[in-house]
Each structure stands twice: as C-alpha cells, then as structure tokens.
Amino acid sequence: MTEEEKIRLIQTKIAKAEESFQTGDEILAAHPTFAVNRYYYSLFYAVSALLLHYDTPVRTHKGVMTEFNKQCVKTGIFTREEGRLFAKVFQWRNRGDYDDFTEFTQEDVTSIRLPVREFIDKVKEVLE
C-alpha cells in the first residue's frame with residue numbers, strides 16, 4: 001500500500017467512525033440496543049484507523065482490541081480507562097447482537113455516549 005492509499009484508507013475509516021456515531025445518536029431514543037452496535041463500530045473504525053497509522057493493520061475485532069492495548073494503552077497514548085471503555089462497548093455490542101434477551105435502556109447507552117465521542121475525538125487528535 002502506498003502512503004497515499006494509507007492516508008485515504010485512514011480518512012475513510014474515520015468517516016465511517018463519524019457516520020456510525022451519528023447513526024447511534026439518531027437511533028438512541030427509539031432503539032438503544034441497536035445504538036450500542038453503532039457506538040461500538042464507531043470505536044472499531046477509529047481504532048482501526050489509528051492502528052493503520054501505526055502500520056499495524058488488523059482485520060478482526062479481537063485483533064484490533066489486542067493491538068490497541070499493545071500499541072496505545074501500554075505505551076500511554078491512551079489510558080487504561082479508555083482501553084476498558086473499548087472493551088466494555090465491545091462486550092455490550094456482543095451481548096446486544098448475539099443474546100436475544102439482552103436489551104439496553106436509553107439510560108444505559110447514554111452513559112457511554114460521551115466517553116465514546118471523546119475517544120473518537122482523541123483518535124482524531126492523535127492522527128493529526
């Protein structure tokens with residue numbers, strides 16, 4: 001991949017992160033469990049862009065989480081709390097998507113909304 005292609009792919013992933021976050025906001029009141037999915041994917045795309053920036057492209061969800069912890073949390077770029085947020089939203093997304101009886105309330109999901117937004121903004125700052 002050329003440097004230009006890498007930059008374009010990073011920009012595409014950040015755009016997907018923003019779109020996913022916005023979609024989460026749009027459906028939060030009516031469908032909070034589905035909003036969790038969108039907030040998770042906003043983190044996933046943002047972290048994928050960040051790892052690509054560090055020349056660590058990863059394809060799986062588990063791989064993204066593992067490499068994020070290695071590349072960004074252990075090195076102090078992101079805090080442990082931010083690492084735990086990513087893990088928590090990943091777990092919530094799995095429960096919401098795969099456990100037919102899991103339903104999150106608007107209050108539950110609102111509690112992660114701002115931290116997710118701040119996380120994405122931090123990724124964008126690191127990429128600048």
# chains A, B, ... in the order shown; residues from 1 in each chain; ligands from 1
$ residues_around --residues "Thr23 in chain A" --least-positions-apart "5" --cutoff "10 Å" --atoms "only C-alpha atoms" --output "list in words"
Ala17, Glu18, Leu28, Phe34, Ala35, Asn37, Arg38, Tyr39 and Ser42 of chain A
$ select_by_dssp --residues "range 19-118 of chain A" --states "helix (DSSP H, G or I)" --output "compact mmCIF listing (two decimals) with N, CA and C atoms, in the first residue's frame"
# COMPACT_ATOMS: atom_id res chain seq x y z
N GLU A 19 -19.81 8.49 10.92
CA GLU A 19 -21.14 8.10 10.45
C GLU A 19 -21.80 7.11 11.41
N SER A 20 -21.02 6.17 11.91
CA SER A 20 -21.57 5.21 12.87
C SER A 20 -22.00 5.90 14.15
N PHE A 21 -21.19 6.84 14.63
CA PHE A 21 -21.54 7.58 15.83
C PHE A 21 -22.83 8.37 15.62
N GLN A 22 -22.91 9.06 14.50
CA GLN A 22 -24.10 9.86 14.19
C GLN A 22 -25.34 8.96 14.10
N THR A 23 -25.21 7.81 13.49
CA THR A 23 -26.33 6.88 13.40
C THR A 23 -26.75 6.41 14.79
N GLY A 24 -25.77 6.14 15.66
CA GLY A 24 -26.08 5.79 17.04
C GLY A 24 -26.91 6.87 17.71
N ASP A 25 -26.52 8.11 17.51
CA ASP A 25 -27.27 9.22 18.08
C ASP A 25 -28.70 9.27 17.55
N GLU A 26 -28.84 9.03 16.25
CA GLU A 26 -30.15 9.11 15.61
C GLU A 26 -31.12 8.04 16.11
N ILE A 27 -30.60 6.87 16.48
CA ILE A 27 -31.48 5.78 16.89
C ILE A 27 -31.51 5.54 18.40
N PRO A 32 -32.19 1.79 21.70
CA PRO A 32 -30.90 1.90 22.40
C PRO A 32 -29.98 0.70 22.22
N THR A 33 -30.52 -0.50 22.12
CA THR A 33 -29.67 -1.68 21.94
C THR A 33 -28.95 -1.62 20.60
N PHE A 34 -29.65 -1.16 19.57
CA PHE A 34 -29.01 -1.01 18.27
C PHE A 34 -28.01 0.14 18.27
N ALA A 35 -28.25 1.14 19.08
CA ALA A 35 -27.30 2.26 19.19
C ALA A 35 -25.96 1.78 19.74
N VAL A 36 -25.99 0.81 20.65
CA VAL A 36 -24.74 0.24 21.18
C VAL A 36 -23.90 -0.30 20.03
N ASN A 37 -24.53 -1.01 19.12
CA ASN A 37 -23.84 -1.55 17.96
C ASN A 37 -23.15 -0.43 17.18
N ARG A 38 -23.84 0.64 16.93
CA ARG A 38 -23.28 1.75 16.16
C ARG A 38 -22.16 2.45 16.92
N TYR A 39 -22.32 2.61 18.23
CA TYR A 39 -21.25 3.24 19.02
C TYR A 39 -20.02 2.34 19.04
N TYR A 40 -20.22 1.04 19.14
CA TYR A 40 -19.07 0.14 19.10
C TYR A 40 -18.35 0.27 17.76
N TYR A 41 -19.11 0.24 16.67
CA TYR A 41 -18.46 0.32 15.36
C TYR A 41 -17.77 1.66 15.16
N SER A 42 -18.27 2.71 15.78
CA SER A 42 -17.56 3.99 15.67
C SER A 42 -16.18 3.87 16.33
N LEU A 43 -16.10 3.16 17.45
CA LEU A 43 -14.81 2.92 18.09
C LEU A 43 -13.94 1.99 17.24
N PHE A 44 -14.52 0.94 16.74
CA PHE A 44 -13.78 -0.03 15.93
C PHE A 44 -13.14 0.64 14.71
N TYR A 45 -13.91 1.44 13.99
CA TYR A 45 -13.35 2.11 12.81
C TYR A 45 -12.27 3.11 13.21
N ALA A 46 -12.49 3.85 14.28
CA ALA A 46 -11.49 4.82 14.73
C ALA A 46 -10.20 4.13 15.14
N VAL A 47 -10.30 3.06 15.91
CA VAL A 47 -9.10 2.34 16.35
C VAL A 47 -8.42 1.66 15.16
N SER A 48 -9.19 1.15 14.24
CA SER A 48 -8.60 0.55 13.03
C SER A 48 -7.79 1.60 12.26
N ALA A 49 -8.31 2.81 12.17
CA ALA A 49 -7.58 3.90 11.51
C ALA A 49 -6.29 4.21 12.26
N LEU A 50 -6.38 4.25 13.57
CA LEU A 50 -5.21 4.54 14.40
C LEU A 50 -4.13 3.47 14.23
N LEU A 51 -4.54 2.22 14.24
CA LEU A 51 -3.57 1.14 14.08
C LEU A 51 -2.94 1.16 12.68
N LEU A 52 -3.71 1.51 11.69
CA LEU A 52 -3.17 1.64 10.34
C LEU A 52 -2.13 2.77 10.31
N HIS A 53 -2.41 3.85 11.00
CA HIS A 53 -1.46 4.97 11.13
C HIS A 53 -0.13 4.48 11.70
N HIS A 61 -11.96 -8.20 15.10
CA HIS A 61 -12.32 -7.37 16.25
C HIS A 61 -11.37 -7.65 17.41
N LYS A 62 -11.12 -8.90 17.68
CA LYS A 62 -10.20 -9.27 18.77
C LYS A 62 -8.79 -8.74 18.50
N GLY A 63 -8.37 -8.85 17.25
CA GLY A 63 -7.05 -8.35 16.87
C GLY A 63 -6.94 -6.84 17.06
N VAL A 64 -7.99 -6.12 16.71
CA VAL A 64 -7.98 -4.67 16.89
C VAL A 64 -7.86 -4.34 18.37
N MET A 65 -8.61 -5.04 19.20
CA MET A 65 -8.56 -4.78 20.64
C MET A 65 -7.18 -5.11 21.21
N THR A 66 -6.63 -6.24 20.81
CA THR A 66 -5.32 -6.66 21.31
C THR A 66 -4.24 -5.67 20.90
N GLU A 67 -4.21 -5.30 19.65
CA GLU A 67 -3.19 -4.38 19.16
C GLU A 67 -3.37 -2.97 19.72
N PHE A 68 -4.62 -2.54 19.91
CA PHE A 68 -4.86 -1.24 20.53
C PHE A 68 -4.24 -1.21 21.92
N ASN A 69 -4.46 -2.26 22.68
CA ASN A 69 -3.89 -2.31 24.03
C ASN A 69 -2.36 -2.30 23.98
N LYS A 70 -1.77 -3.04 23.05
CA LYS A 70 -0.30 -3.07 22.92
C LYS A 70 0.26 -1.73 22.46
N GLN A 71 -0.32 -1.22 21.38
CA GLN A 71 0.24 -0.04 20.72
C GLN A 71 -0.12 1.27 21.41
N CYS A 72 -1.28 1.31 22.05
CA CYS A 72 -1.79 2.61 22.52
C CYS A 72 -1.99 2.70 24.03
N VAL A 73 -2.42 1.63 24.67
CA VAL A 73 -2.66 1.70 26.12
C VAL A 73 -1.35 1.46 26.88
N ARG A 80 -5.72 3.47 30.58
CA ARG A 80 -6.35 2.17 30.83
C ARG A 80 -7.87 2.30 30.85
N GLU A 81 -8.34 3.42 31.37
CA GLU A 81 -9.79 3.66 31.38
C GLU A 81 -10.34 3.68 29.95
N GLU A 82 -9.63 4.30 29.04
CA GLU A 82 -10.06 4.31 27.64
C GLU A 82 -10.01 2.91 27.04
N GLY A 83 -9.01 2.14 27.42
CA GLY A 83 -8.95 0.75 26.98
C GLY A 83 -10.12 -0.06 27.51
N ARG A 84 -10.48 0.19 28.76
CA ARG A 84 -11.63 -0.51 29.36
C ARG A 84 -12.93 -0.09 28.69
N LEU A 85 -13.04 1.18 28.31
CA LEU A 85 -14.24 1.63 27.60
C LEU A 85 -14.41 0.84 26.30
N PHE A 86 -13.33 0.73 25.53
CA PHE A 86 -13.39 -0.01 24.27
C PHE A 86 -13.83 -1.45 24.52
N ALA A 87 -13.25 -2.08 25.53
CA ALA A 87 -13.61 -3.46 25.87
C ALA A 87 -15.06 -3.57 26.32
N LYS A 88 -15.52 -2.62 27.12
CA LYS A 88 -16.90 -2.64 27.63
C LYS A 88 -17.91 -2.50 26.48
N VAL A 89 -17.66 -1.55 25.59
CA VAL A 89 -18.60 -1.35 24.49
C VAL A 89 -18.58 -2.56 23.55
N PHE A 90 -17.41 -3.18 23.39
CA PHE A 90 -17.31 -4.42 22.61
C PHE A 90 -18.17 -5.52 23.24
N GLN A 91 -18.07 -5.67 24.56
CA GLN A 91 -18.88 -6.68 25.26
C GLN A 91 -20.36 -6.37 25.14
N TRP A 92 -20.72 -5.12 25.30
CA TRP A 92 -22.13 -4.74 25.17
C TRP A 92 -22.63 -5.03 23.76
N ARG A 93 -21.82 -4.71 22.77
CA ARG A 93 -22.22 -4.96 21.39
C ARG A 93 -22.44 -6.46 21.17
N ASN A 94 -21.55 -7.29 21.66
CA ASN A 94 -21.73 -8.73 21.52
C ASN A 94 -23.01 -9.20 22.20
N ARG A 95 -23.26 -8.71 23.40
CA ARG A 95 -24.49 -9.10 24.10
C ARG A 95 -25.72 -8.64 23.33
N GLY A 96 -25.71 -7.40 22.88
CA GLY A 96 -26.86 -6.86 22.16
C GLY A 96 -27.11 -7.54 20.83
N ASP A 97 -26.03 -7.93 20.16
CA ASP A 97 -26.17 -8.56 18.84
C ASP A 97 -26.47 -10.05 18.91
N TYR A 98 -25.93 -10.74 19.93
CA TYR A 98 -25.99 -12.20 19.92
C TYR A 98 -26.83 -12.82 21.02
N GLN A 106 -32.17 3.34 27.33
CA GLN A 106 -31.62 4.61 26.85
C GLN A 106 -30.63 5.16 27.88
N GLU A 107 -30.94 4.99 29.16
CA GLU A 107 -30.04 5.45 30.22
C GLU A 107 -28.70 4.71 30.18
N ASP A 108 -28.75 3.38 29.98
CA ASP A 108 -27.52 2.59 29.85
C ASP A 108 -26.63 3.17 28.75
N VAL A 109 -27.23 3.33 27.60
CA VAL A 109 -26.47 3.71 26.42
C VAL A 109 -26.01 5.16 26.49
N THR A 110 -26.82 6.00 27.07
CA THR A 110 -26.42 7.39 27.24
C THR A 110 -25.16 7.50 28.10
N SER A 111 -24.97 6.55 29.01
CA SER A 111 -23.80 6.58 29.89
C SER A 111 -22.49 6.35 29.13
N ILE A 112 -22.54 5.73 27.96
CA ILE A 112 -21.32 5.52 27.18
C ILE A 112 -21.17 6.50 26.03
N ARG A 113 -22.23 7.23 25.71
CA ARG A 113 -22.22 8.10 24.54
C ARG A 113 -21.09 9.13 24.58
N LEU A 114 -21.02 9.92 25.64
CA LEU A 114 -19.99 10.96 25.72
C LEU A 114 -18.58 10.38 25.76
N PRO A 115 -18.31 9.34 26.56
CA PRO A 115 -16.98 8.75 26.52
C PRO A 115 -16.59 8.23 25.13
N VAL A 116 -17.55 7.68 24.40
CA VAL A 116 -17.26 7.21 23.04
C VAL A 116 -16.91 8.40 22.15
N ARG A 117 -17.68 9.48 22.27
CA ARG A 117 -17.41 10.69 21.47
C ARG A 117 -16.00 11.23 21.77
N GLU A 118 -15.67 11.29 23.05
CA GLU A 118 -14.35 11.80 23.45
C GLU A 118 -13.23 10.89 22.94
$ atom_distance --atom1 "CA of Lys124 in chain A" --atom2 "CA of Asp55 in chain A"
16.2 Å
$ closest_residue --among "A:Val58, A:Ala29, A:Ile77, A:Ile7" --to "Glu125 in chain A" --atoms "only C-alpha atoms"
A:Ile77
$ atom_distance --atom1 "CA of Asp100 in chain A" --atom2 "CA of Lys13 in chain A"
29.3 Å
$ atom_distance --atom1 "CA of Thr79 in chain A" --atom2 "CA of Leu127 in chain A"
16.6 Å
$ decode --residues "range 31-96 of chain A" --atoms "C-alpha atoms" --output "PDB file, in the first residue's frame"
ATOM      1  CA  HIS A  31     -33.569   1.666  19.691  1.00  0.00           C
ATOM      2  CA  PRO A  32     -30.904   1.903  22.399  1.00  0.00           C
ATOM      3  CA  THR A  33     -29.672  -1.677  21.942  1.00  0.00           C
ATOM      4  CA  PHE A  34     -29.006  -1.010  18.267  1.00  0.00           C
ATOM      5  CA  ALA A  35     -27.299   2.260  19.190  1.00  0.00           C
ATOM      6  CA  VAL A  36     -24.743   0.241  21.185  1.00  0.00           C
ATOM      7  CA  ASN A  37     -23.835  -1.547  17.957  1.00  0.00           C
ATOM      8  CA  ARG A  38     -23.285   1.754  16.158  1.00  0.00           C
ATOM      9  CA  TYR A  39     -21.251   3.239  19.018  1.00  0.00           C
ATOM     10  CA  TYR A  40     -19.073   0.138  19.100  1.00  0.00           C
ATOM     11  CA  TYR A  41     -18.459   0.318  15.365  1.00  0.00           C
ATOM     12  CA  SER A  42     -17.561   3.987  15.674  1.00  0.00           C
ATOM     13  CA  LEU A  43     -14.809   2.918  18.092  1.00  0.00           C
ATOM     14  CA  PHE A  44     -13.784  -0.030  15.927  1.00  0.00           C
ATOM     15  CA  TYR A  45     -13.350   2.115  12.811  1.00  0.00           C
ATOM     16  CA  ALA A  46     -11.493   4.824  14.726  1.00  0.00           C
ATOM     17  CA  VAL A  47      -9.102   2.343  16.353  1.00  0.00           C
ATOM     18  CA  SER A  48      -8.603   0.555  13.028  1.00  0.00           C
ATOM     19  CA  ALA A  49      -7.576   3.901  11.509  1.00  0.00           C
ATOM     20  CA  LEU A  50      -5.211   4.539  14.400  1.00  0.00           C
ATOM     21  CA  LEU A  51      -3.568   1.137  14.075  1.00  0.00           C
ATOM     22  CA  LEU A  52      -3.168   1.643  10.342  1.00  0.00           C
ATOM     23  CA  HIS A  53      -1.459   4.965  11.129  1.00  0.00           C
ATOM     24  CA  TYR A  54       1.000   2.964  13.248  1.00  0.00           C
ATOM     25  CA  ASP A  55       1.462   0.467  10.385  1.00  0.00           C
ATOM     26  CA  THR A  56      -0.425  -2.234  12.278  1.00  0.00           C
ATOM     27  CA  PRO A  57      -3.383  -3.147  10.071  1.00  0.00           C
ATOM     28  CA  VAL A  58      -5.667  -5.662  11.771  1.00  0.00           C
ATOM     29  CA  ARG A  59      -8.792  -7.318  10.412  1.00  0.00           C
ATOM     30  CA  THR A  60     -10.525  -8.988  13.341  1.00  0.00           C
ATOM     31  CA  HIS A  61     -12.324  -7.375  16.253  1.00  0.00           C
ATOM     32  CA  LYS A  62     -10.201  -9.267  18.773  1.00  0.00           C
ATOM     33  CA  GLY A  63      -7.049  -8.347  16.875  1.00  0.00           C
ATOM     34  CA  VAL A  64      -7.984  -4.669  16.889  1.00  0.00           C
ATOM     35  CA  MET A  65      -8.557  -4.777  20.639  1.00  0.00           C
ATOM     36  CA  THR A  66      -5.320  -6.662  21.310  1.00  0.00           C
ATOM     37  CA  GLU A  67      -3.191  -4.378  19.157  1.00  0.00           C
ATOM     38  CA  PHE A  68      -4.863  -1.237  20.525  1.00  0.00           C
ATOM     39  CA  ASN A  69      -3.887  -2.312  24.030  1.00  0.00           C
ATOM     40  CA  LYS A  70      -0.303  -3.073  22.923  1.00  0.00           C
ATOM     41  CA  GLN A  71       0.239  -0.041  20.717  1.00  0.00           C
ATOM     42  CA  CYS A  72      -1.786   2.605  22.520  1.00  0.00           C
ATOM     43  CA  VAL A  73      -2.657   1.698  26.117  1.00  0.00           C
ATOM     44  CA  LYS A  74       0.600   0.091  27.236  1.00  0.00           C
ATOM     45  CA  THR A  75       2.547   2.954  25.662  1.00  0.00           C
ATOM     46  CA  GLY A  76       0.451   5.601  27.430  1.00  0.00           C
ATOM     47  CA  ILE A  77      -1.102   7.189  24.346  1.00  0.00           C
ATOM     48  CA  PHE A  78      -4.495   6.115  25.699  1.00  0.00           C
ATOM     49  CA  THR A  79      -5.356   5.487  29.325  1.00  0.00           C
ATOM     50  CA  ARG A  80      -6.350   2.170  30.834  1.00  0.00           C
ATOM     51  CA  GLU A  81      -9.793   3.662  31.381  1.00  0.00           C
ATOM     52  CA  GLU A  82     -10.065   4.315  27.645  1.00  0.00           C
ATOM     53  CA  GLY A  83      -8.950   0.747  26.977  1.00  0.00           C
ATOM     54  CA  ARG A  84     -11.630  -0.514  29.360  1.00  0.00           C
ATOM     55  CA  LEU A  85     -14.240   1.630  27.595  1.00  0.00           C
ATOM     56  CA  PHE A  86     -13.394  -0.007  24.269  1.00  0.00           C
ATOM     57  CA  ALA A  87     -13.610  -3.461  25.868  1.00  0.00           C
ATOM     58  CA  LYS A  88     -16.897  -2.635  27.627  1.00  0.00           C
ATOM     59  CA  VAL A  89     -18.600  -1.345  24.486  1.00  0.00           C
ATOM     60  CA  PHE A  90     -17.310  -4.418  22.606  1.00  0.00           C
ATOM     61  CA  GLN A  91     -18.876  -6.685  25.258  1.00  0.00           C
ATOM     62  CA  TRP A  92     -22.131  -4.744  25.169  1.00  0.00           C
ATOM     63  CA  ARG A  93     -22.222  -4.964  21.387  1.00  0.00           C
ATOM     64  CA  ASN A  94     -21.728  -8.735  21.523  1.00  0.00           C
ATOM     65  CA  ARG A  95     -24.493  -9.098  24.103  1.00  0.00           C
ATOM     66  CA  GLY A  96     -26.862  -6.856  22.162  1.00  0.00           C
TER      67      GLY A  96
END
